[in-house]
Every structure is written in C-alpha cells, then in structure tokens.
2 protein chains.
Amino acid sequence: MAEHPTPIATVDIVLLTLAEGRLQVALAPRVAEPALGQPALPGGYVRTEEDAGLEPAARRVLRDKLGMAPRSLEQLASFGGATRDPRGWSISVAFLSVLNLDELAPGPALRLAPVDALPPLPFDHAEIVAAAVRRLRNKASYSALPAFLLPAQFTLAELHRVYEQVLGARLDPASFRRKIEEQRIIIPVGERRAGAHRPARLFALAPDAAREFDRTI
Amino acid sequence: MAEHPTPIATVDIVLLTLAEGRLQVALAPRVAEPALGQPALPGGYVRTEEDAGLEPAARRVLRDKLGMAPRSLEQLASFGGATRDPRGWSISVAFLSVLNLDELAPGPALRLAPVDALPPLPFDHAEIVAAAVRRLRNKASYSALPAFLLPAQFTLAELHRVYEQVLGARLDPASFRRKIEEQRIIIPVGERRAGAHRPARLFALAPDAAREFDRTI
DNA sequence: TGGTGTTTTGTGCACTTTACAATTAACTAC
DNA sequence: GTAGTTAATTGTAAAGTGCACAAAACACCA
C-alpha cells in the first residue's frame, strides 16, 4: 500500500435562496483560522469517525453548525489542489442546496449575498458559487429544482415568477403552464384565496420529483 | 485547527469507448491489494507532492499507468464513504473520458467490457460506471461529447451512427444533420472517398467545442 | 345585489421546430 | 454507360412554442 500524505478533505455547501427578488447565497463567518471571521461558504471537515458518506457529512455540517435540514441537497462537484487552501493540499466536495428563506431563517449569523455581487470570498469559494448558479440555471430548463426556492406549497404564478428570476429572462405564462403541467413534477393539492382575486390552485412537488434531479450526477 | 484522521483520496477514471457497436468501459487489473488482479477502473492515489489539482492527478494516473493522454476528460462526481474501500474511509473523485479505440490501443492489459454487461467490479465501481454512462447519454442531447468516440476526423454519417449507438435509439438522419450543423460544434475540413460510393464530407470538432461541455459542472 | 378591478386560467392561431418520407447527388465497379 | 450504394437535400405533415386575447373567480365597493 502506497504511503502518501493524504489531502485535507472537507465539504462545503452552497445554499441558494431568493431574497428581494434576487438569487442569493448564504455565507457564514469562518470560525477557524484560515480567513477567521470572514464570510465564506459553510463547510467543515469530513469526519471519518462519524460520517457514513459525503452527503451525510454535508448534512451533519448543516445540522451541527446551522441547525438546519434542507429538503434539497445534491452533490455539485469537487474542487482540489495544492494552493486553494493555505493549510495544504485540500479537496472540497461541494454541495448545492436550493431552499426558501423560511428554511434558512432562525439560525446563527448567516448573511446573504447576491450571487452576481459577491463580497470577496476566501479559498476558491467564488468559483464554487459560480458553478452552483450555473447548475441551478441549467436544471431550471428540465427539472423542478427552482421549486425548492418556494415553500412546500405554491401557485403556478409563484413558480413562474421564480423561474423568471432564476433564469433572468421572461417566460411566456401559457407555455410555462403547459410545459410544467405535462412534466408531472408538481401535483395540485387544494385551493387558496390570494387576498382579493381569483383563487389560485396550490401545488406541491411530486413525491418522486427528486429522481428527476439525478440527471447531472 | 481540527485534528481528524483524513480519508484516503483517490482518482478513478471511466474510459468509455465504442467497440463492436457497443459502448464499452476499459478495465485494468488491479496492481495493489484490495482486489489484487481483478479488473477495475484505472485509478490511483492523489499525490500531494506532485499533483497540482484533481484533473492533473487523473491525467498523471493515465499517463503513468496507461501511457495515454486522452483528448476528453471531465470530472464526473465524487464517491466517498466508510465502507466502499476496505482500507478505510475513502474519497474517489471520478473522471469521465470519452475516446476512440485508437487512443486506447497499444497499452498494457486493458480489457473492455460492455457497459450493460459488466463483470463483477470491486468497490463501488459499477455505480461509477453507471453514472458515467448516464452523463454521456445526457450530454449527447446537447453537446458533441459522443464525437470523441470517433477519430479526429469523421463523417456526418459516422457521427450519426455513434449517437444512435450511445443513445440506443434511432435518430432521423435529416433532423440529425440539421441540428448538428446549426450547433456549430463541428466544422468541415476536406473530402474523402469511402471506398465505393458518394464521398462524404469530413468534419472535426470545433476548437472551442470543449467549452460547451462545461454545462454539467 | 350587481358592477368593477384584478389575478388566475384557458383558448385560438401564427409560427417555428421536428419527424417522416421520398428524391437527388456522387461516386465505384462492372 | 448503367447498376448499385451511400451521402445529402428537399417537401410535407405533425408537434411544439410564442403571443394575444377571452373567460373564470374571487373581493371590494357602491
């Protein structure tokens, strides 16, 4: 068996949400030395004693450091190299979670930053965020991933607006409805009165919608 | 700084090629202990002293162990866990390379296995191969990745056949031509006489076609 | 109680894209 | 020069998409 020094292994999570009509990423102040105190992607070491795999490691970090258990979490890509971390050769397995503000809410000092106006970030975190945004925009064209930006139940009009904000483009309402409904990734649930107008049908993500998200990995 | 035991870090490469009209994966007999001698995905440790990054590590493994430098190489996904490798907690960053038989040729005891009739593979290599095939089939719908299954120059008819073999479905010749030509990912070069019939135009991948492949990461 | 404003939802049609079939083009071999 | 074979193009029907407008369903107000 070869005896090489092994790289540092971490997981970092890109939490994307919609706030003030813009796509934003959640940043946490770093609690350990490289870049102590600076805002960065939440992350942590892979702990071989307690983590069963990479995604479980990411979920543990989210649970322990931020007290959250997001509905959506998928592997994004891995970033490794000799110089990306001053501690030495490191591998960061990056994850992407798409969520709505309520899922993010109560926790510690999470700060939001628009993905197109990031503050300076340590390591290669800016690159990781860019990859996450590309992934979300891509998947918007063939999956319901952007639906995680909304609460568990939502109207077609809300979903329509979210897709437009994610893609940064106008989408035809009629075509959008036709396409979404025939994809069968969302299912109707009840009714609702939106204050003062025609009530909109409520939808939820189909139980098996997650399967559709596997297309990239 | 936390003091945790770090996982083993390796790279594994899925080499996909077309042989006997079927999509096949190249397997190398393992040269070290877990599963010594058994066919498996070519791979090796990440070497922090010599590798600058993850993709460079994969290229080094291919160069040193197989004497090859493939035209196509992209990160696939990472597979990690406590039980996938008997040596302990391990992370394998998997790469995908799509190539033609000539690129693969002279080397050592590489063996081909059809992706839909794999022999028993050690670790989670069967799962990694499955992910690679999904990725290639997916990208076939919007990129020229399958073109790497052909030599540097090829005809539209050859490309057409390759797409059909990759997707396992019939594609309309006329629509295929229109679509491929308007995507501008291949460019014409010369002429050629295919033995006994109307000569077909030769094409090559556009120099910047690689950019298009970034859509998944 | 009926009209008005507003948002959701559905419909009709032009236009574009794709599927399918058939035709033309270009060569070799005999 | 003709038959045979593959490459490439053209034409038409079907399917999908974009766009404008119409219908439906409420709250609110006179």
# chains A, B, ... in the order shown; residues from 1 in each chain; ligands from 1
call {"tool": "interface_residues", "arguments": {"of": "chain A", "to": "chain C", "cutoff": "9 Å", "atoms": "only C-alpha atoms (C1' of nucleotides)", "output": "MDAnalysis selection string"}}
result
chainID A and resid 157 174 194 196:201
call {"tool": "interface_residues", "arguments": {"of": "chain B", "to": "chain A", "cutoff": "7 Å", "atoms": "only C-alpha atoms", "output": "ChimeraX atom specification"}}
result
/B:1,4-9,32,47-48,52-54,76-78,80-82,89,131,135,216-217
call {"tool": "closest_atom_pairs", "arguments": {"of": "chain D", "to": "chain B", "cutoff": "12 Å", "atoms": "only C-alpha atoms (C1' of nucleotides)", "output": "CSV"}}
result
residue,atom,partner,partner_atom,distance
D:DG4,C1',B:His197,CA,9.1
D:DT5,C1',B:His197,CA,6.0
D:DT6,C1',B:His197,CA,5.6
D:DA7,C1',B:Arg198,CA,5.9
D:DA8,C1',B:Ala174,CA,8.7
D:DT9,C1',B:Ala174,CA,8.5
D:DT10,C1',B:Ala174,CA,10.1
call {"tool": "write_last_selection", "arguments": {"atoms": "C-alpha atoms (C1' of nucleotides)", "output": "tab-separated table (two decimals), in the first residue's frame"}}
result
chain	number	residue	atom	x	y	z
D	4	DG	C1'	-25.54	-0.34	-57.05
D	5	DT	C1'	-24.68	2.06	-52.89
D	6	DT	C1'	-24.13	5.70	-49.72
D	7	DA	C1'	-24.42	10.91	-48.95
D	8	DA	C1'	-27.10	14.81	-48.84
D	9	DT	C1'	-31.22	17.60	-49.75
D	10	DT	C1'	-36.00	18.75	-50.20
call {"tool": "select_by_dssp", "arguments": {"residues": "region 111-189 of chain B", "states": "alpha helix (DSSP H)", "output": "PyMOL selection string"}}
result
chain B and resi 125-140+156-167+173-183
call {"tool": "atom_distance", "arguments": {"atom1": "C1' of DC19 (chain D)", "atom2": "CA of Glu191 (chain A)"}}
result
28.5 Å
call {"tool": "atom_distance", "arguments": {"atom1": "CA of Tyr163 (chain B)", "atom2": "CA of Ala19 (chain B)"}}
result
13.8 Å
call {"tool": "select_by_dssp", "arguments": {"residues": "region 23-208 of chain B", "states": "strand (DSSP E)", "output": "MDAnalysis selection string"}}
result
chainID B and resid 23:29 39:40 43:45 74:81 90:98 111:114 153:155 186:188 202:205
